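Source file: query.csv (CSV, C-alpha atoms)
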chain,number,residue,atom,x,y,z
A,1,MET,CA,-3.3,-47.2,-17.1
A,2,ARG,CA,-5.6,-46.0,-14.4
A,3,VAL,CA,-7.0,-42.5,-14.1
A,4,LEU,CA,-6.7,-41.5,-10.4
A,5,GLU,CA,-8.2,-38.1,-10.7
A,6,ALA,CA,-9.8,-36.9,-14.0
A,7,GLN,CA,-9.4,-33.2,-13.1
A,8,ASN,CA,-6.7,-32.4,-10.5
A,9,ALA,CA,-6.4,-28.8,-11.6
A,10,VAL,CA,-7.1,-26.3,-14.4
A,11,LEU,CA,-4.2,-24.6,-16.1
A,12,THR,CA,-4.3,-21.3,-18.0
A,13,ASN,CA,-2.6,-20.9,-21.3
A,14,VAL,CA,0.2,-18.8,-19.9
A,15,GLU,CA,1.0,-21.6,-17.4
A,16,VAL,CA,1.1,-24.3,-20.2
A,17,TYR,CA,3.1,-21.9,-22.4
A,18,THR,CA,5.7,-21.3,-19.7
A,19,PHE,CA,5.9,-25.0,-18.9
A,20,LEU,CA,6.5,-26.0,-22.5
A,21,GLN,CA,9.0,-23.2,-23.2
A,22,ASN,CA,11.0,-24.2,-20.1
A,23,GLN,CA,10.8,-27.9,-21.1
A,24,ALA,CA,12.2,-27.0,-24.6
A,25,LYS,CA,15.0,-25.0,-23.1
A,26,GLU,CA,15.8,-27.7,-20.5
A,27,TYR,CA,15.9,-30.4,-23.1
A,28,GLN,CA,18.2,-28.3,-25.3
A,29,ALA,CA,20.6,-27.6,-22.4
A,30,GLN,CA,20.7,-31.3,-21.6
A,31,LYS,CA,21.2,-32.1,-25.3
A,32,ARG,CA,18.3,-34.5,-25.3
A,33,ARG,CA,15.3,-34.9,-27.5
A,34,GLY,CA,11.9,-36.1,-26.3
A,35,PRO,CA,9.9,-38.7,-28.2
A,36,SER,CA,9.0,-37.3,-31.6
A,37,ASN,CA,5.3,-37.2,-30.9
A,38,LEU,CA,6.0,-34.9,-28.0
A,39,GLU,CA,8.5,-32.7,-29.9
A,40,THR,CA,5.9,-32.2,-32.7
A,41,LEU,CA,3.0,-31.5,-30.4
A,42,ARG,CA,5.0,-29.1,-28.3
A,43,GLY,CA,5.9,-27.0,-31.3
A,44,GLU,CA,2.3,-27.0,-32.5
A,45,VAL,CA,0.9,-25.9,-29.1
A,46,ILE,CA,3.5,-23.1,-28.7
A,47,ASN,CA,2.7,-21.9,-32.2
A,48,TYR,CA,-1.0,-21.8,-31.3
A,49,PHE,CA,-0.3,-19.6,-28.3
A,50,GLU,CA,1.9,-17.3,-30.4
A,51,THR,CA,-0.7,-16.8,-33.1
A,52,TYR,CA,-2.2,-13.3,-33.3
A,53,PRO,CA,-4.6,-12.2,-31.7
A,54,GLY,CA,-3.7,-14.4,-28.8
A,55,PRO,CA,-2.2,-12.3,-26.1
A,56,LEU,CA,0.9,-14.5,-25.9
A,57,SER,CA,1.8,-13.5,-29.4
A,58,GLN,CA,2.8,-10.1,-28.1
A,59,LYS,CA,6.5,-9.7,-27.5
A,60,PRO,CA,7.8,-9.1,-24.9
A,61,LEU,CA,5.2,-11.2,-23.1
A,62,PRO,CA,2.5,-8.8,-21.7
A,63,TYR,CA,2.1,-10.9,-18.5
A,64,ASP,CA,3.4,-14.0,-16.8
A,65,VAL,CA,2.0,-16.5,-14.3
A,66,ASN,CA,2.2,-13.9,-11.5
A,67,ALA,CA,-0.6,-12.0,-13.1
A,68,ILE,CA,-3.1,-14.8,-12.2
A,69,PRO,CA,-3.5,-14.0,-8.4
A,70,GLU,CA,-3.4,-10.3,-9.2
A,71,LEU,CA,-6.2,-10.5,-11.7
A,72,LEU,CA,-8.3,-12.7,-9.4
A,73,LYS,CA,-7.9,-10.3,-6.5
A,74,LYS,CA,-8.9,-7.3,-8.6
A,75,LEU,CA,-11.9,-9.1,-10.2
A,76,LYS,CA,-13.2,-10.5,-6.9
A,77,ALA,CA,-15.7,-7.8,-6.3
A,78,TYR,CA,-17.5,-8.6,-9.6
A,79,ASN,CA,-18.5,-12.2,-8.8
A,80,ILE,CA,-16.9,-13.6,-11.9
A,81,SER,CA,-16.8,-17.4,-12.0
A,82,LYS,CA,-13.6,-19.4,-12.1
A,83,GLY,CA,-14.2,-20.5,-15.7
A,84,GLU,CA,-14.8,-17.0,-16.8
A,85,CYS,CA,-11.6,-15.9,-15.1
A,86,ILE,CA,-9.7,-18.5,-17.0
A,87,MET,CA,-11.1,-17.3,-20.3
A,88,ILE,CA,-10.2,-13.7,-19.4
A,89,MET,CA,-6.6,-14.9,-18.7
A,90,ASN,CA,-6.5,-16.8,-22.0
A,91,LEU,CA,-8.3,-14.5,-24.4
A,92,ARG,CA,-7.6,-11.1,-22.7
A,93,PRO,CA,-10.8,-9.3,-23.9
A,94,THR,CA,-9.8,-5.6,-24.1
A,95,GLY,CA,-13.2,-4.4,-25.3
A,96,THR,CA,-16.7,-4.9,-24.0
A,97,VAL,CA,-17.9,-6.7,-27.1
A,98,VAL,CA,-15.3,-9.4,-26.8
A,99,LEU,CA,-15.9,-9.5,-23.0
A,100,ASN,CA,-19.5,-10.4,-23.9
A,101,ALA,CA,-18.2,-13.5,-25.6
A,102,VAL,CA,-16.5,-14.6,-22.3
A,103,LEU,CA,-19.0,-13.6,-19.6
A,104,GLU,CA,-22.4,-15.3,-19.4
A,105,ASP,CA,-25.4,-12.9,-19.6
A,106,MET,CA,-23.0,-9.9,-19.3
A,107,GLU,CA,-25.7,-7.3,-19.9
A,108,GLY,CA,-27.9,-8.8,-17.3
A,109,ARG,CA,-25.2,-9.0,-14.6
A,110,PHE,CA,-23.2,-5.8,-15.1
A,111,THR,CA,-24.0,-2.2,-15.8
A,112,GLU,CA,-22.1,-0.5,-18.7
A,113,GLN,CA,-19.9,1.2,-16.2
A,114,GLN,CA,-19.0,-2.1,-14.5
A,115,GLN,CA,-18.2,-3.6,-17.9
A,116,GLU,CA,-15.8,-0.7,-18.5
A,117,GLU,CA,-14.3,-1.2,-15.1
A,118,ILE,CA,-13.7,-4.9,-15.8
A,119,VAL,CA,-12.1,-4.1,-19.2
A,120,ASN,CA,-9.8,-1.5,-17.5
A,121,ILE,CA,-8.7,-4.0,-14.9
A,122,ILE,CA,-7.9,-6.6,-17.7
A,123,THR,CA,-5.9,-4.0,-19.6
A,124,GLU,CA,-4.1,-2.9,-16.5
A,125,VAL,CA,-3.1,-6.4,-15.4
A,126,LEU,CA,-2.7,-8.2,-18.7
A,127,GLY,CA,-1.8,-5.3,-21.1
A,128,ALA,CA,-3.2,-4.7,-24.6
A,129,PHE,CA,-2.0,-4.6,-28.1
A,130,PRO,CA,-0.6,-1.2,-28.9
A,131,GLU,CA,-3.6,-0.2,-31.2
A,132,GLU,CA,-2.8,3.3,-32.2
A,133,GLU,CA,0.8,2.5,-33.1
A,134,GLU,CA,-0.3,-0.5,-35.2
A,135,ALA,CA,-2.9,1.6,-37.0
A,136,ALA,CA,-0.3,4.3,-37.6
A,137,GLU,CA,2.2,1.8,-39.0
A,138,GLU,CA,-0.4,0.4,-41.3
A,139,GLY,CA,-1.3,3.9,-42.4
A,140,GLU,CA,2.4,4.5,-43.2
A,141,GLU,CA,2.6,1.3,-45.2
A,142,ASP,CA,-0.5,2.3,-47.2
A,143,ALA,CA,1.1,5.7,-47.8
A,144,MET,CA,4.2,4.1,-49.1
A,145,GLU,CA,2.4,1.9,-51.4
A,146,THR,CA,0.5,4.7,-53.0
A,147,THR,CA,3.5,6.9,-53.5
B,148,MET,CA,-8.6,-25.2,-22.2
B,149,PHE,CA,-6.0,-27.3,-20.3
B,150,ILE,CA,-6.4,-29.5,-17.2
B,151,LEU,CA,-4.1,-31.7,-15.1
B,152,THR,CA,-5.1,-35.3,-14.9
B,153,LYS,CA,-3.6,-37.7,-12.3
B,154,ILE,CA,-2.7,-41.1,-13.8
B,155,ALA,CA,-1.2,-44.3,-12.4
B,156,ASP,CA,0.6,-46.6,-14.9
B,157,LEU,CA,3.4,-49.2,-15.3
B,158,VAL,CA,6.4,-48.0,-17.2
B,159,GLN,CA,8.8,-50.6,-18.7
B,160,ILE,CA,12.3,-49.4,-19.4
B,161,PRO,CA,14.2,-51.5,-21.9
B,162,PRO,CA,18.0,-52.3,-21.3
B,163,SER,CA,18.9,-50.0,-24.2
B,164,GLN,CA,17.8,-47.0,-22.0
B,165,PHE,CA,19.7,-48.0,-18.9
B,166,GLU,CA,22.4,-45.4,-19.5
B,167,GLN,CA,19.8,-42.6,-19.0
B,168,HIS,CA,18.9,-41.2,-15.6
B,169,SER,CA,15.8,-43.0,-14.3
B,170,ARG,CA,13.9,-39.7,-14.2
B,171,VAL,CA,14.6,-39.0,-17.9
B,172,ALA,CA,13.9,-42.6,-19.0
B,173,ILE,CA,10.5,-42.6,-17.1
B,174,GLU,CA,9.5,-39.2,-18.5
B,175,ASN,CA,10.4,-40.2,-22.1
B,176,ASN,CA,8.5,-43.5,-21.8
B,177,ILE,CA,5.4,-41.7,-20.4
B,178,ASN,CA,5.5,-39.0,-23.1
B,179,ALA,CA,6.1,-41.6,-25.9
B,180,LYS,CA,3.0,-43.4,-24.8
B,181,TYR,CA,0.6,-40.5,-24.1
B,182,SER,CA,1.6,-37.4,-25.9
B,183,ASN,CA,-0.8,-36.4,-28.7
B,184,ARG,CA,-3.2,-39.3,-27.8
B,185,VAL,CA,-6.8,-39.1,-26.7
B,186,ILE,CA,-7.9,-40.8,-23.5
B,187,GLN,CA,-11.7,-41.3,-23.7
B,188,LYS,CA,-13.7,-38.9,-21.5
B,189,ILE,CA,-10.4,-37.2,-20.4
B,190,GLY,CA,-9.1,-35.3,-23.4
B,191,LEU,CA,-6.0,-35.0,-25.7
B,192,CYS,CA,-2.8,-35.6,-23.7
B,193,ILE,CA,-0.1,-33.0,-24.2
B,194,CYS,CA,2.8,-34.1,-22.0
B,195,MET,CA,3.7,-35.2,-18.4
B,196,TYR,CA,3.5,-32.2,-16.0
B,197,ASP,CA,5.2,-33.8,-13.0
B,198,LEU,CA,6.1,-37.2,-11.6
B,199,LEU,CA,4.4,-37.7,-8.2
B,200,TRP,CA,5.7,-41.1,-7.3
B,201,ALA,CA,7.7,-44.0,-8.6
B,202,SER,CA,8.3,-47.4,-7.2
B,203,GLU,CA,11.6,-49.3,-7.1
B,204,GLY,CA,12.5,-50.8,-10.5
B,205,LEU,CA,11.8,-54.5,-10.7
B,206,ILE,CA,13.4,-56.6,-13.4
B,207,GLY,CA,11.0,-58.8,-15.2
B,208,HIS,CA,11.6,-62.5,-15.9
B,209,GLY,CA,12.9,-63.4,-19.3
B,210,ASN,CA,13.1,-60.0,-21.0
B,211,GLY,CA,15.3,-57.8,-18.8
B,212,LEU,CA,12.8,-54.9,-18.8
B,213,VAL,CA,12.8,-52.8,-15.7
B,214,ASN,CA,9.2,-52.4,-14.4
B,215,VAL,CA,8.4,-49.2,-12.5
B,216,ASN,CA,5.0,-48.3,-11.1
B,217,VAL,CA,4.4,-44.5,-11.4
B,218,GLU,CA,1.9,-41.8,-10.6
B,219,PHE,CA,2.1,-38.6,-12.5
B,220,ARG,CA,0.1,-35.6,-13.7
B,221,MET,CA,-0.6,-35.0,-17.4
B,222,ILE,CA,-1.4,-31.8,-19.1
B,223,VAL,CA,-4.5,-32.5,-21.1
B,224,PHE,CA,-6.4,-30.4,-23.7
B,225,ARG,CA,-10.0,-30.5,-22.5
B,226,PRO,CA,-12.0,-27.2,-23.0
B,227,PHE,CA,-15.0,-27.1,-20.8
B,228,LYS,CA,-18.5,-26.6,-22.1
B,229,GLY,CA,-19.2,-22.9,-22.6
B,230,GLU,CA,-15.5,-22.1,-22.9
B,231,THR,CA,-14.6,-19.6,-25.6
B,232,LEU,CA,-11.3,-20.3,-27.5
B,233,PHE,CA,-9.3,-19.1,-30.5
B,234,GLY,CA,-9.4,-21.2,-33.6
B,235,MET,CA,-8.8,-21.0,-37.3
B,236,ILE,CA,-11.3,-21.7,-40.1
B,237,SER,CA,-10.0,-24.7,-42.0
B,238,SER,CA,-12.9,-25.2,-44.4
B,239,ALA,CA,-16.6,-24.7,-44.9
B,240,ASN,CA,-19.5,-26.5,-46.5
B,241,ALA,CA,-23.3,-26.1,-46.7
B,242,ASP,CA,-23.6,-27.7,-43.2
B,243,GLY,CA,-21.3,-25.3,-41.4
B,244,ILE,CA,-17.7,-24.4,-40.7
B,245,LYS,CA,-14.8,-26.5,-39.7
B,246,ILE,CA,-12.3,-25.0,-37.3
B,247,ARG,CA,-8.9,-26.1,-36.1
B,248,THR,CA,-6.2,-25.1,-33.8
B,249,ASN,CA,-2.5,-25.9,-34.6
B,250,PHE,CA,-2.7,-29.1,-32.7
B,251,PHE,CA,-6.4,-30.2,-32.8
B,252,GLU,CA,-8.5,-30.3,-35.9
B,253,GLU,CA,-11.9,-31.7,-34.9
B,254,ILE,CA,-14.1,-28.7,-34.3
B,255,PHE,CA,-17.3,-28.1,-36.1
B,256,VAL,CA,-19.7,-25.2,-36.0
B,257,SER,CA,-23.1,-26.0,-37.5
B,258,TYR,CA,-24.8,-23.3,-39.7
B,259,LYS,CA,-27.5,-23.2,-37.0
B,260,GLU,CA,-24.9,-21.8,-34.6
B,261,LEU,CA,-24.0,-18.8,-36.9
B,262,PRO,CA,-25.7,-15.4,-36.4
B,263,GLU,CA,-29.0,-14.6,-38.2
B,264,ASN,CA,-28.8,-13.4,-41.8
B,265,THR,CA,-25.8,-15.7,-42.5
B,266,GLU,CA,-25.8,-17.4,-45.9
B,267,TYR,CA,-23.6,-19.9,-47.7
B,268,ASP,CA,-21.8,-18.7,-50.8
B,269,HIS,CA,-21.4,-21.7,-53.1
B,270,ASN,CA,-18.9,-20.1,-55.4
B,271,GLU,CA,-16.5,-19.0,-52.7
B,272,LYS,CA,-17.3,-22.0,-50.4
B,273,ALA,CA,-17.6,-19.6,-47.5
B,274,TRP,CA,-20.3,-18.5,-45.1
B,275,VAL,CA,-21.2,-14.8,-45.3
B,276,TRP,CA,-22.9,-12.7,-42.5
B,277,VAL,CA,-25.0,-10.0,-44.1
B,278,VAL,CA,-25.3,-6.9,-41.8
B,279,ASP,CA,-27.3,-4.2,-43.5
B,280,GLU,CA,-25.4,-3.7,-46.8
B,281,ASP,CA,-22.1,-5.3,-45.6
B,282,ARG,CA,-21.2,-8.8,-46.6
B,283,MET,CA,-18.8,-10.2,-44.0
B,284,HIS,CA,-17.0,-13.4,-44.9
B,285,TYR,CA,-16.0,-16.3,-42.8
B,286,ASP,CA,-12.9,-16.9,-44.9
B,287,LYS,CA,-10.6,-19.8,-44.8
B,288,ASN,CA,-7.6,-19.4,-42.4
B,289,GLU,CA,-9.3,-16.5,-40.6
B,290,MET,CA,-8.8,-16.5,-36.8
B,291,VAL,CA,-12.1,-16.8,-34.9
B,292,ARG,CA,-13.4,-16.9,-31.4
B,293,PHE,CA,-15.9,-19.8,-30.9
B,294,GLN,CA,-17.6,-21.3,-27.9
B,295,VAL,CA,-17.6,-25.0,-27.0
B,296,LEU,CA,-21.1,-26.4,-27.0
B,297,ASP,CA,-20.6,-30.1,-26.8
B,298,GLU,CA,-18.1,-32.8,-27.1
B,299,ALA,CA,-18.3,-36.2,-28.8
B,300,TRP,CA,-16.2,-39.3,-27.9
B,301,ASN,CA,-15.6,-42.3,-30.0
B,302,ASP,CA,-13.5,-45.2,-28.5
B,303,GLN,CA,-12.5,-46.4,-32.0
B,304,LEU,CA,-13.3,-50.0,-31.1
B,305,PRO,CA,-13.9,-52.0,-34.3
B,306,ASP,CA,-17.2,-54.0,-34.4
B,307,SER,CA,-15.4,-57.0,-35.8
B,308,GLY,CA,-11.9,-58.2,-36.4
B,309,GLY,CA,-11.9,-57.5,-40.2
B,310,GLN,CA,-9.7,-54.9,-41.8
B,311,GLU,CA,-12.7,-53.0,-43.1
B,312,ALA,CA,-14.2,-52.7,-39.6
B,313,LEU,CA,-10.8,-51.6,-38.3
B,314,ASP,CA,-10.5,-48.9,-40.9
B,315,ARG,CA,-14.0,-47.7,-40.3
B,316,ALA,CA,-13.5,-47.4,-36.6
B,317,ARG,CA,-10.3,-45.5,-37.1
B,318,SER,CA,-11.9,-43.1,-39.6
B,319,VAL,CA,-14.0,-41.5,-36.8
B,320,SER,CA,-12.1,-39.1,-34.7
B,321,PRO,CA,-11.8,-40.2,-31.0
B,322,TYR,CA,-12.6,-36.7,-29.7
B,323,ALA,CA,-14.5,-34.0,-31.5
B,324,LEU,CA,-15.9,-30.6,-30.4
B,325,LYS,CA,-19.1,-28.9,-31.5
B,326,GLY,CA,-18.9,-25.1,-31.3
B,327,SER,CA,-21.0,-22.0,-31.7
B,328,MET,CA,-20.3,-18.5,-33.1
B,329,PHE,CA,-23.8,-17.1,-32.4
B,330,LYS,CA,-23.1,-14.7,-29.6
B,331,GLU,CA,-21.9,-11.2,-30.1
B,332,GLY,CA,-18.1,-11.1,-29.8
B,333,LEU,CA,-17.7,-14.5,-31.4
B,334,GLY,CA,-16.8,-15.2,-35.0
B,335,VAL,CA,-13.9,-13.6,-37.0
B,336,CYS,CA,-11.6,-11.8,-34.6
B,337,LEU,CA,-11.1,-8.8,-37.0
B,338,TRP,CA,-14.7,-7.9,-36.7
B,339,TRP,CA,-14.7,-6.9,-33.1
Structure encoded using structure tokens:
Amino acid sequence: MRVLEAQNAVLTNVEVYTFLQNQAKEYQAQKRRGPSNLETLRGEVINYFETYPGPLSQKPLPYDVNAIPELLKKLKAYNISKGECIMIMNLRPTGTVVLNAVLEDMEGRFTEQQQEEIVNIITEVLGAFPEEEEAAEEGEEDAMETT
Amino acid sequence: MFILTKIADLVQIPPSQFEQHSRVAIENNINAKYSNRVIQKIGLCICMYDLLWASEGLIGHGNGLVNVNVEFRMIVFRPFKGETLFGMISSANADGIKIRTNFFEEIFVSYKELPENTEYDHNEKAWVWVVDEDRMHYDKNEMVRFQVLDEAWNDQLPDSGGQEALDRARSVSPYALKGSMFKEGLGVCLWW
């Protein structure tokens, strides 16, 4: 084995997820199974992506690979680094506190208004969990339990 | 979290796999060799992404294996330093918190990398962040956000040929991550 190029490209989670899903479908259609180490690992990685609160746990999928160029274009004005954009794609911070965990020195670089704008762009392009609905559902469950 | 690494290798296809299409036989051989394995200083290999080039197959003397030189790209798990990821708390002790993902288990957050006013509860075997009057637990199986601080590599080479040395070398994980949950927004997902 010889490594020709350690890092040829960086992939976001949605790209890896799409690739693995397609591979699983393709294998199934061709009635073939990959080596067992691959089959096991593929299942584990897909499960990881589909774990709440990961954005890919939302069904139907809130965004696909086409969202990547759109997000980059809309965030261009804010001077966000490539690594930070990848984390935004993967973690989808839909509030400023979580955004702080993704952007370095957020408070030094962006005003509160800008932080809000960034969060709005993220929600617009990548979607968000339907918060109110969920809270309402939980409320209903609680009500049912108490009655 | 994931990168593509370009690799060149020699694939040997045994006669029992000759009825498969070459493309399938090559992919299966590559995945059987790399998938779920760590390459030092590269990361944890997931699976082949694409086959860039393959030579003509050459039959070796004496064993009938078809030798094919290939170049391909591999999907590799290799979070960069400073990257924030999702993980799940797998256990805790007085030194800190162990975190895992579904496919990678070697992540450790030292107690020094937890927010101020965090203390270890020996009865519950969990760290607790005390904010004013509230006691917020880092419970087992809780989903967290953590930031990658550093990585550790161990090539698992035994220092002698003995079984004991072999076992000792294998007991250390080939690739481990050190994380932090200090910054605001990190830690248990439910909090934020």
Per residue of chain B within 6 Å of chain A, note the shortest atom pair and the distance in Å to one decimal, counting only C-alpha atoms, and order the rows by chain and increasing residue number, as CSV.
residue,atom,partner,partner_atom,distance
B:Phe149,CA,A:Leu11,CA,5.3
B:Ile150,CA,A:Val10,CA,4.3
B:Leu151,CA,A:Ala9,CA,5.1
B:Thr152,CA,A:Ala6,CA,5.0
B:Lys153,CA,A:Glu5,CA,4.9
B:Ile154,CA,A:Val3,CA,4.5
B:Ala155,CA,A:Arg2,CA,5.1
B:Asp156,CA,A:Met1,CA,4.5
B:Ala179,CA,A:Pro35,CA,5.3
B:Ser182,CA,A:Leu38,CA,5.5
B:Asn249,CA,A:Glu44,CA,5.4
B:Phe250,CA,A:Glu44,CA,5.4
B:Gly332,CA,A:Val98,CA,4.4
B:Leu333,CA,A:Ala101,CA,5.9
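Closest approach to Pro69 (chain A) among A:Gln113, A:Val125, A:Asn22, A:Ser57 is made by A:Val125 (distances from only C-alpha atoms).
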Which residue out of B:Asn178, B:Asn183, B:Gln310, B:Thr265 has the minimum interatomic distance to Phe219 (chain B) when all atoms listed in the file are used? B:Asn178
Select, from B:Leu337, B:Val291, B:Val158, B:Val213, the residue with the minimum atom-to-atom distance to Thr231 (chain B), counting only C-alpha atoms. B:Val291
Hey, what's within 7 Å of Thr94 (chain A) if we count only C-alpha atoms and toss same-chain stuff fewer than 3 positions away? As an MDAnalysis selection string, please? chainID A and resid 119 122:123 128
Selected residues, C-alpha atoms, written as a PDB file, keeping the file's coordinate frame, please.
ATOM      1  CA  VAL A 119     -12.100  -4.100 -19.200  1.00  0.00           C
ATOM      2  CA  ILE A 122      -7.900  -6.600 -17.700  1.00  0.00           C
ATOM      3  CA  THR A 123      -5.900  -4.000 -19.600  1.00  0.00           C
ATOM      4  CA  ALA A 128      -3.200  -4.700 -24.600  1.00  0.00           C
TER       5      ALA A 128
END
Using CA of Pro321 (chain B) and CA of Val215 (chain B) as the two end points, give the distance in Å to one decimal. 28.8 Å
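If you count all atoms listed in the file and ignore residues fewer than 3 places along the chain from Arg170 (chain B), what sits within 12 Å of it is Val158, Ile160, Gln164, Phe165, Glu166, Gln167, Ile173, Glu174, Asn175, Asn176, Ile177, Met195, Asp197, Leu198, Leu199, Trp200, Ala201, Ser202, Gly204, Val215, Val217 and Phe219 of chain B.
Interatomic distance, CA of Met89 (chain A) against CA of Glu50 (chain A): 14.7 Å.
In terms of minimum interatomic distance to Leu232 (chain B), B:Val295 ranks closest within B:Ile254, B:Pro262, B:Pro161, B:Val295, counting all atoms listed in the file.
CA of Lys272 (chain B) is positioned 8.1 Å from CA of Ser238 (chain B).
With only C-alpha atoms as the atoms that count, the residue of B:Arg184, B:Gln303, B:His168, B:Asp314 with the shortest distance to Gln30 (chain A) is B:His168.
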Might you pull out every residue within 6 Å of region 189-191 of chain B, with all atoms listed in the file counted and same-chain residues fewer than 2 positions away left off, and present them as a PDB file with C-alpha atoms, in the frame of the given file?
ATOM      1  CA  ARG B 184      -3.200 -39.300 -27.800  1.00  0.00           C
ATOM      2  CA  VAL B 185      -6.800 -39.100 -26.700  1.00  0.00           C
ATOM      3  CA  ILE B 186      -7.900 -40.800 -23.500  1.00  0.00           C
ATOM      4  CA  GLN B 187     -11.700 -41.300 -23.700  1.00  0.00           C
ATOM      5  CA  VAL B 223      -4.500 -32.500 -21.100  1.00  0.00           C
ATOM      6  CA  PHE B 224      -6.400 -30.400 -23.700  1.00  0.00           C
ATOM      7  CA  ARG B 225     -10.000 -30.500 -22.500  1.00  0.00           C
TER       8      ARG B 225
END
Might you pull out every residue within 7 Å of Val256 (chain B), with all atoms listed in the file counted and same-chain residues fewer than 3 positions away left off, and present them as a list in words? Gly243, Ile244, Lys245, Glu260, Lys325, Gly326 and Ser327 of chain B
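Considering the residues B:Trp300, B:Phe233, B:Tyr181, B:Tyr196 and counting all atoms listed in the file, Leu324 (chain B) has its shortest atom-to-atom contact with B:Trp300.
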